[in-house]
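Step one of this worksheet: look at the structure below.
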Amino acid sequence: MSHHKTEVRDLYYVYPDGHKAINGITFKIHHGESVGIIGANGAGKSTLLMLLMGVLFPCQGEVLVGEVPVTKKTVPVVRQRMGMVFQDPDDQLFMTTVYDDVAFGPRNYKLEETEVERRVHEALEMVGILHLKDRAPFKLSGGEKRAAAIASVLSMKPDILLMDEPTSALDPKSRRRLMKLLDGFEHTKIITSHDLDMVFELCTRTIVIKNGQIAADGPTKELLADAELMDDCGLEMPLALQGCPVCGRKNG
């Protein structure tokens, strides 16, 4: 299923102020993989996601989704295969009702209204907020906004799901619900997060970014258990691997 493959080739990105955010990154992600992208603040994680999605375009190198290079011309095609949930749900919710926000993408692709309605109901049911379909987004709680933003992406039926800090600002119950939802998503997941316990639980592979470069790429359980690597990259091991302070036993 090469059309679901995501490939990054020798990628560089420099912001207008001269900050080198991405400094020579290369990797492939195949269909069905669940990949965490982690690193300290400013490592380049969010920039990398925006380059994958075609929100930004590289100064050098290329991104391919399937066999399609991500360019300004191909962005509409790429976004039929790939959906991104931004760190701040308010960046994605701009209509007067939750229903219209979730319907925006399918309507934009000129789908029949009966199909739009089916997709909206299905997506809202998946995230558990069908009862909020007529609510104004600005009246939702943080967890409800996150669910609505995810639904607005799921209604497009992407093969590849990108998520930037999906559990930030969520209460424990909302976090657990989100993790259950993501665990059930059958296609490719690419997730950036400081929530390393979530990455440990959901992602079989992890790419560690440091100063815009790949510091490590491999099985999540191996990399996140490497205390020296984590410390060198400004991170800490997941709580599940740190062990009980009283008895010393680990949860993982």
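Convention: chains lettered A, B, ... in structure tokens order; per-chain residue numbering from 1; ligands numbered from 1 as shown.
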
Which polymer residues have any atom within 8 Å of an atom of range 131-137 of chain A, counting only C-alpha atoms, with same-chain residues fewer than 4 positions away left out, as an MDAnalysis selection string? chainID A and resid 93:99 124 145

Residues as selected, N, CA and C atoms, written as a compact mmCIF listing (two decimals), in the first residue's frame, can you do that?
```txt
# COMPACT_ATOMS: atom_id res chain seq x y z
N LEU A 93 -11.57 25.13 14.76
CA LEU A 93 -13.01 25.30 14.96
C LEU A 93 -13.38 26.76 14.73
N PHE A 94 -14.11 27.01 13.65
CA PHE A 94 -14.38 28.40 13.27
C PHE A 94 -15.82 28.61 12.79
N MET A 95 -16.61 27.55 12.74
CA MET A 95 -17.99 27.68 12.28
C MET A 95 -18.90 27.96 13.48
N THR A 96 -20.19 28.16 13.20
CA THR A 96 -21.12 28.53 14.28
C THR A 96 -21.60 27.33 15.09
N THR A 97 -21.50 26.13 14.53
CA THR A 97 -21.88 24.93 15.27
C THR A 97 -20.83 23.84 15.07
N VAL A 98 -20.80 22.89 16.01
CA VAL A 98 -19.91 21.74 15.89
C VAL A 98 -20.20 20.97 14.61
N TYR A 99 -21.49 20.79 14.32
CA TYR A 99 -21.89 20.06 13.10
C TYR A 99 -21.24 20.68 11.87
N LEU A 124 -18.68 12.19 14.88
CA LEU A 124 -19.06 12.68 16.21
C LEU A 124 -19.34 11.53 17.16
N LYS A 145 -13.69 20.47 22.89
CA LYS A 145 -13.11 21.13 21.72
C LYS A 145 -12.12 20.19 21.02
```

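Here the residues within range 122-171 of chain A that DSSP labels helix (DSSP H, G or I) on the basis of the backbone are Glu122, Ala123, Leu124, Glu125, Met126, Val127, Leu130, His131, Leu132, Pro137, Phe138, Lys139, Gly142, Gly143, Glu144, Lys145, Arg146, Ala147, Ala148, Ala149, Ile150, Ala151, Ser152, Val153 and Leu154 of chain A.
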
With N, CA and C atoms retained, could you export that selection as a PDB file, in the first residue's frame?
```
ATOM      1  N   GLU A 122     -21.086   9.914  12.020  1.00  0.00           N
ATOM      2  CA  GLU A 122     -20.136   8.838  12.309  1.00  0.00           C
ATOM      3  C   GLU A 122     -18.929   9.370  13.075  1.00  0.00           C
ATOM      4  N   ALA A 123     -18.377  10.510  12.639  1.00  0.00           N
ATOM      5  CA  ALA A 123     -17.195  11.083  13.291  1.00  0.00           C
ATOM      6  C   ALA A 123     -17.517  11.556  14.706  1.00  0.00           C
ATOM      7  N   LEU A 124     -18.680  12.194  14.876  1.00  0.00           N
ATOM      8  CA  LEU A 124     -19.058  12.683  16.207  1.00  0.00           C
ATOM      9  C   LEU A 124     -19.342  11.530  17.158  1.00  0.00           C
ATOM     10  N   GLU A 125     -19.899  10.455  16.639  1.00  0.00           N
ATOM     11  CA  GLU A 125     -20.120   9.271  17.478  1.00  0.00           C
ATOM     12  C   GLU A 125     -18.800   8.646  17.891  1.00  0.00           C
ATOM     13  N   MET A 126     -17.831   8.625  16.987  1.00  0.00           N
ATOM     14  CA  MET A 126     -16.521   8.045  17.296  1.00  0.00           C
ATOM     15  C   MET A 126     -15.849   8.758  18.460  1.00  0.00           C
ATOM     16  N   VAL A 127     -15.993  10.071  18.521  1.00  0.00           N
ATOM     17  CA  VAL A 127     -15.339  10.832  19.598  1.00  0.00           C
ATOM     18  C   VAL A 127     -16.281  11.091  20.774  1.00  0.00           C
ATOM     19  N   LEU A 130     -21.738  13.343  19.816  1.00  0.00           N
ATOM     20  CA  LEU A 130     -22.848  13.558  18.891  1.00  0.00           C
ATOM     21  C   LEU A 130     -23.902  14.474  19.509  1.00  0.00           C
ATOM     22  N   HIS A 131     -24.060  14.382  20.828  1.00  0.00           N
ATOM     23  CA  HIS A 131     -25.065  15.209  21.519  1.00  0.00           C
ATOM     24  C   HIS A 131     -24.706  16.704  21.503  1.00  0.00           C
ATOM     25  N   LEU A 132     -23.481  17.028  21.077  1.00  0.00           N
ATOM     26  CA  LEU A 132     -23.050  18.436  21.055  1.00  0.00           C
ATOM     27  C   LEU A 132     -23.057  19.020  19.642  1.00  0.00           C
ATOM     28  N   PRO A 137     -18.951  25.994  19.096  1.00  0.00           N
ATOM     29  CA  PRO A 137     -17.649  25.509  19.561  1.00  0.00           C
ATOM     30  C   PRO A 137     -17.067  26.296  20.731  1.00  0.00           C
ATOM     31  N   PHE A 138     -17.304  27.619  20.756  1.00  0.00           N
ATOM     32  CA  PHE A 138     -16.692  28.413  21.826  1.00  0.00           C
ATOM     33  C   PHE A 138     -17.318  28.127  23.187  1.00  0.00           C
ATOM     34  N   LYS A 139     -18.443  27.400  23.191  1.00  0.00           N
ATOM     35  CA  LYS A 139     -19.085  27.042  24.456  1.00  0.00           C
ATOM     36  C   LYS A 139     -18.665  25.666  24.968  1.00  0.00           C
ATOM     37  N   GLY A 142     -12.489  22.257  27.170  1.00  0.00           N
ATOM     38  CA  GLY A 142     -11.248  21.944  26.464  1.00  0.00           C
ATOM     39  C   GLY A 142     -11.266  20.554  25.857  1.00  0.00           C
ATOM     40  N   GLY A 143     -11.741  19.567  26.628  1.00  0.00           N
ATOM     41  CA  GLY A 143     -11.805  18.200  26.126  1.00  0.00           C
ATOM     42  C   GLY A 143     -12.794  18.049  24.986  1.00  0.00           C
ATOM     43  N   GLU A 144     -13.929  18.759  25.088  1.00  0.00           N
ATOM     44  CA  GLU A 144     -14.945  18.703  24.036  1.00  0.00           C
ATOM     45  C   GLU A 144     -14.436  19.362  22.749  1.00  0.00           C
ATOM     46  N   LYS A 145     -13.694  20.475  22.892  1.00  0.00           N
ATOM     47  CA  LYS A 145     -13.109  21.126  21.716  1.00  0.00           C
ATOM     48  C   LYS A 145     -12.124  20.187  21.019  1.00  0.00           C
ATOM     49  N   ARG A 146     -11.302  19.502  21.822  1.00  0.00           N
ATOM     50  CA  ARG A 146     -10.334  18.567  21.248  1.00  0.00           C
ATOM     51  C   ARG A 146     -11.066  17.466  20.474  1.00  0.00           C
ATOM     52  N   ALA A 147     -12.144  16.949  21.065  1.00  0.00           N
ATOM     53  CA  ALA A 147     -12.918  15.899  20.404  1.00  0.00           C
ATOM     54  C   ALA A 147     -13.530  16.413  19.105  1.00  0.00           C
ATOM     55  N   ALA A 148     -14.041  17.648  19.122  1.00  0.00           N
ATOM     56  CA  ALA A 148     -14.637  18.227  17.918  1.00  0.00           C
ATOM     57  C   ALA A 148     -13.585  18.420  16.825  1.00  0.00           C
ATOM     58  N   ALA A 149     -12.384  18.855  17.215  1.00  0.00           N
ATOM     59  CA  ALA A 149     -11.307  19.047  16.236  1.00  0.00           C
ATOM     60  C   ALA A 149     -10.911  17.708  15.606  1.00  0.00           C
ATOM     61  N   ILE A 150     -10.853  16.668  16.420  1.00  0.00           N
ATOM     62  CA  ILE A 150     -10.524  15.338  15.891  1.00  0.00           C
ATOM     63  C   ILE A 150     -11.618  14.864  14.947  1.00  0.00           C
ATOM     64  N   ALA A 151     -12.878  15.083  15.338  1.00  0.00           N
ATOM     65  CA  ALA A 151     -13.999  14.688  14.483  1.00  0.00           C
ATOM     66  C   ALA A 151     -13.948  15.404  13.138  1.00  0.00           C
ATOM     67  N   SER A 152     -13.527  16.674  13.147  1.00  0.00           N
ATOM     68  CA  SER A 152     -13.459  17.431  11.888  1.00  0.00           C
ATOM     69  C   SER A 152     -12.422  16.844  10.935  1.00  0.00           C
ATOM     70  N   VAL A 153     -11.432  16.151  11.491  1.00  0.00           N
ATOM     71  CA  VAL A 153     -10.439  15.468  10.656  1.00  0.00           C
ATOM     72  C   VAL A 153     -10.936  14.076  10.261  1.00  0.00           C
ATOM     73  N   LEU A 154     -11.525  13.352  11.209  1.00  0.00           N
ATOM     74  CA  LEU A 154     -12.011  12.000  10.924  1.00  0.00           C
ATOM     75  C   LEU A 154     -13.108  11.997   9.861  1.00  0.00           C
TER      76      LEU A 154
END
```

Given only C-alpha atoms, how would the per-residue table for range 3-89 of chain A near range 168-190 of chain A read, listing every residue at most 7 Å away with its closest atom pair and distance in Å to one decimal, sorted by chain and number, as a tab-separated table?
```
residue	atom	partner	partner_atom	distance
A:His31	CA	A:Thr188	CA	5.5
A:Gly32	CA	A:Thr188	CA	4.3
A:Glu33	CA	A:Thr188	CA	5.1
A:Ser34	CA	A:Lys189	CA	4.6
A:Val35	CA	A:Ile190	CA	4.9
A:Gly36	CA	A:Ile190	CA	5.9
```

Write a file of the just-selected residues containing C-alpha atoms, as a short mmCIF file (atom, residue, chain, number, x, y, z; two decimals), in the first residue's frame.
```cif
data_model
loop_
_atom_site.label_atom_id
_atom_site.label_comp_id
_atom_site.auth_asym_id
_atom_site.auth_seq_id
_atom_site.Cartn_x
_atom_site.Cartn_y
_atom_site.Cartn_z
CA HIS A 31 1.00 2.11 6.25
CA GLY A 32 -0.41 1.19 9.65
CA GLU A 33 2.58 2.36 11.70
CA SER A 34 1.99 4.28 14.91
CA VAL A 35 4.91 6.69 15.29
CA GLY A 36 5.68 9.11 18.10
#
```

With only C-alpha atoms as the atoms that count, which of A:Ile160, A:Ala43, A:Leu239, A:Val8 lies nearest to Leu196 in chain A? A:Leu239

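Ranking A:Ser155, A:Thr220, A:Thr71, A:Thr192 by their shortest atom-to-atom distance to Arg119 in chain A, with only C-alpha atoms included, puts A:Ser155 first.
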
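The space between CA of Leu64 in chain A and CA of His4 in chain A spans 9.9 Å.
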